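Enquirer: Take a look at the following structure, please.
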Number of protein chains: 2
Amino acid sequence: MTKGRSATGDQRRSQLLRGVLDLCLLSLIAERPRYGFEFAEALADAGLELVSDGSIYPLLARMERAGLITSYRAPSPSGGAPRKYYRLTDTGRAELGRGRADWLAFAGPVGRILTATTPSTGENTA
Amino acid sequence: MTKGRSATGDQRRSQLLRGVLDLCLLSLIAERPRYGFEFAEALADAGLELVSDGSIYPLLARMERAGLITSYRAPSPSGGAPRKYYRLTDTGRAELGRGRADWLAFAGPVGRILTATTPSTGENTA
DNA sequence: CCCCATTGCCTTGCGGCACAAGGTAGTCGT
DNA sequence: ACGACTACCTTGTGCCGCAAGGCAATGGGG
């Protein structure tokens with residue numbers, strides 16, 4: 001119990017990921033070609049430890065179908081099944097640009113709303 | 001002619017709202033008691049013009065059922081149907097505090113991922 | 001008085017998506 | 001051969017924002 005995130009916290013994080021997880025993957029691919037297992041690790045490195053591969057693979061498939069990314073296979077250097085690497089298309093790069101703008105246009109106002117109030121736990125003057 | 005936002009952009013914004021819309025409402029209520037119609041307006045003022053009342057009322061009902069807020073009715077000063085005002089409970093205030101922390105712990109890493117990449121592939125969007 | 005515009009609240013059906021759990025396949029050490 | 005590990009993919013579930021539409025109360029005009 002000490003270690004785990006609260007159930008409600010986990011649930012909120014799941015919801016928060018929506019609409020932005022695809023952009024994160026796109027952004028990570030933009031740096032260099034990546035394969036599935038890498039993403040969860042990279043996201044955890046960035047501070048988002050919660051993303052399960054059951055969310056990532058379907059999303060990658062969707063994005064490939066949408067023409068945002070392409071894939072190719074390569075043998076795993078560490079032994080095991082071959083990896084499936086993804087890289088960006090021009091369409092994907094454009095989408096990433098739009099998405100970044102959308103995120104900024106969203107996170108700004110939200111942050112303002114959430115911090116604009118007096119965050120005191122004191123009594124309200126109702 | 002499109003009226004400004006693209007369909008895909010609207011959809012992303014819908015997804016982005018998840019997990020944070022309840023916190024925004026909570027935060028707005030924390031300032032002072034509010035009624036339904038006010039929220040869409042307040043969110044638009046903050047820069048989020050997209051939220052429809054079909055999202056807000058069910059959410060308010062859910063939060064009331066969860067014990068985060070309470071409601072009372074008061075006649076409308078501008079004529080028309082009576083308003084239903086909401087105010088925070090202690091539980092709601094606690095949830096708001098937790099939510100703010102969750103948001104910060106989420107928005108930070110995401111912003112870092114989305115801006116950390118070197119957009120070296122070709123042009124720079126300066 | 002009746003009608004209707006305005007204000008305000010609520011419901012239904014829909015669709016997208018993260019997730020948990022489980023399954024498949026390739027490679028290696030023993 | 002067998003298990004362990006790496007890696008990829010699928011299914012079922014539940015949440016929640018949204019569009020569209022409907023109900024209730026108030027007040028003004030014909």
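Note on naming: chains are A, B, ... as they come in the structure tokens, residues start from 1 per chain, ligands start from 1 in the order shown.
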What do you get for the Cα RMSD if chain B is superposed onto chain A using all Cα atoms in their order?
Expert: 2.9 Å
Enquirer: If you run DSSP on the backbone, which residues of chain B are helix (DSSP H, G or I), as a PyMOL selection string?
Expert: chain B and resi 7-17+21-31+36-46+53-65+90-116
Enquirer: Once you count only C-alpha atoms (C1' of nucleotides), which residues of chain D turn out to be within 8 Å of chain A? Could you give them as a PyMOL selection string?
Expert: chain D and resi 5-9
Enquirer: Excluding DG13 in chain C and residues on its chain fewer than 5 positions from it, collect all residues at most 12 Å away from it, counting only C-alpha atoms (C1' of nucleotides), and give them as an mmCIF file with C-alpha atoms (C1' of nucleotides), in the first residue's frame.
Expert:
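Now in around_25.cif:
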data_model
loop_
_atom_site.group_PDB
_atom_site.id
_atom_site.type_symbol
_atom_site.label_atom_id
_atom_site.label_comp_id
_atom_site.auth_asym_id
_atom_site.auth_seq_id
_atom_site.Cartn_x
_atom_site.Cartn_y
_atom_site.Cartn_z
ATOM 1 C "C1'" DC D 18 -20.172 15.026 -27.261
ATOM 2 C "C1'" DA D 19 -24.177 16.054 -30.425
ATOM 3 C "C1'" DA D 20 -28.849 16.331 -30.471
ATOM 4 C "C1'" DG D 21 -32.952 16.708 -28.451
#
Enquirer: Could the residues of chain A within 9 Å of chain B, counting only C-alpha atoms, be given as a PyMOL selection string, please?
Expert: chain A and resi 9+11-21+23-24+26-28+30-31+43+46-48+96+98-100+102-119+121+124-126
Enquirer: Determine, using only C-alpha atoms (C1' of nucleotides), which residues of chain C have any atom at most 10 Å from an atom of chain A, and tabulate each with its shortest atom pair and distance in Å to one decimal place, rows ordered by chain and then rising number, as a Markdown table.
Expert:
| residue | atom | partner | partner_atom | distance |
| --- | --- | --- | --- | --- |
| C:DG16 | C1' | A:Arg18 | CA | 9.6 |
| C:DC17 | C1' | A:Arg18 | CA | 6.9 |
| C:DA18 | C1' | A:Ser55 | CA | 5.7 |
| C:DC19 | C1' | A:Ser55 | CA | 6.7 |
| C:DA20 | C1' | A:Gly54 | CA | 8.2 |
| C:DA21 | C1' | A:Gly54 | CA | 9.6 |
| C:DA25 | C1' | A:Ala81 | CA | 7.0 |
| C:DG26 | C1' | A:Ala81 | CA | 4.3 |
| C:DT27 | C1' | A:Gly80 | CA | 4.4 |
| C:DC28 | C1' | A:Gly79 | CA | 7.0 |
Enquirer: Figure out the distance between CA of Leu50 in chain B and C1' of DT12 in chain C, please, to one decimal in Å.
Expert: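 Straight-line distance from C1' of DT12 in chain C to CA of Leu50 in chain B works out to 20.9 Å.
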Enquirer: I'd like the neighbourhood of DC3 in chain C as number ranges by chain, where a residue qualifies if any of its atoms comes within 12 Å (using only C-alpha atoms (C1' of nucleotides)), though same-chain residues fewer than 5 positions away should be ignored.
Expert: D: 27-30
Enquirer: With N, CA and C atoms (P, O5', C5', C4', C3', O3' and C1' of nucleotides) retained, write the just-selected residues as an mmCIF file, in the first residue's frame.
Expert:
data_model
loop_
_atom_site.group_PDB
_atom_site.id
_atom_site.type_symbol
_atom_site.label_atom_id
_atom_site.label_comp_id
_atom_site.auth_asym_id
_atom_site.auth_seq_id
_atom_site.Cartn_x
_atom_site.Cartn_y
_atom_site.Cartn_z
ATOM 1 P P DG D 27 -40.642 36.529 -13.521
ATOM 2 O "O5'" DG D 27 -40.782 37.311 -14.906
ATOM 3 C "C5'" DG D 27 -39.620 37.492 -15.697
ATOM 4 C "C4'" DG D 27 -40.001 37.939 -17.092
ATOM 5 C "C3'" DG D 27 -41.069 39.048 -17.131
ATOM 6 O "O3'" DG D 27 -40.675 40.026 -18.072
ATOM 7 C "C1'" DG D 27 -41.716 37.234 -18.493
ATOM 8 P P DG D 28 -41.354 41.474 -18.021
ATOM 9 O "O5'" DG D 28 -41.612 41.736 -19.564
ATOM 10 C "C5'" DG D 28 -40.553 41.475 -20.498
ATOM 11 C "C4'" DG D 28 -41.120 41.240 -21.890
ATOM 12 C "C3'" DG D 28 -42.141 42.291 -22.338
ATOM 13 O "O3'" DG D 28 -41.918 42.625 -23.699
ATOM 14 C "C1'" DG D 28 -43.114 40.149 -22.435
ATOM 15 P P DG D 29 -42.667 43.864 -24.314
ATOM 16 O "O5'" DG D 29 -43.579 43.142 -25.417
ATOM 17 C "C5'" DG D 29 -42.930 42.373 -26.451
ATOM 18 C "C4'" DG D 29 -43.946 41.783 -27.402
ATOM 19 C "C3'" DG D 29 -44.997 42.767 -27.922
ATOM 20 O "O3'" DG D 29 -45.313 42.462 -29.266
ATOM 21 C "C1'" DG D 29 -46.068 41.051 -26.705
ATOM 22 P P DG D 30 -46.151 43.392 -30.119
ATOM 23 O "O5'" DG D 30 -47.451 42.530 -30.396
ATOM 24 C "C5'" DG D 30 -47.349 41.320 -31.158
ATOM 25 C "C4'" DG D 30 -48.659 40.555 -31.128
ATOM 26 C "C3'" DG D 30 -49.877 41.358 -31.610
ATOM 27 O "O3'" DG D 30 -50.688 40.561 -32.461
ATOM 28 C "C1'" DG D 30 -50.262 40.532 -29.428
#
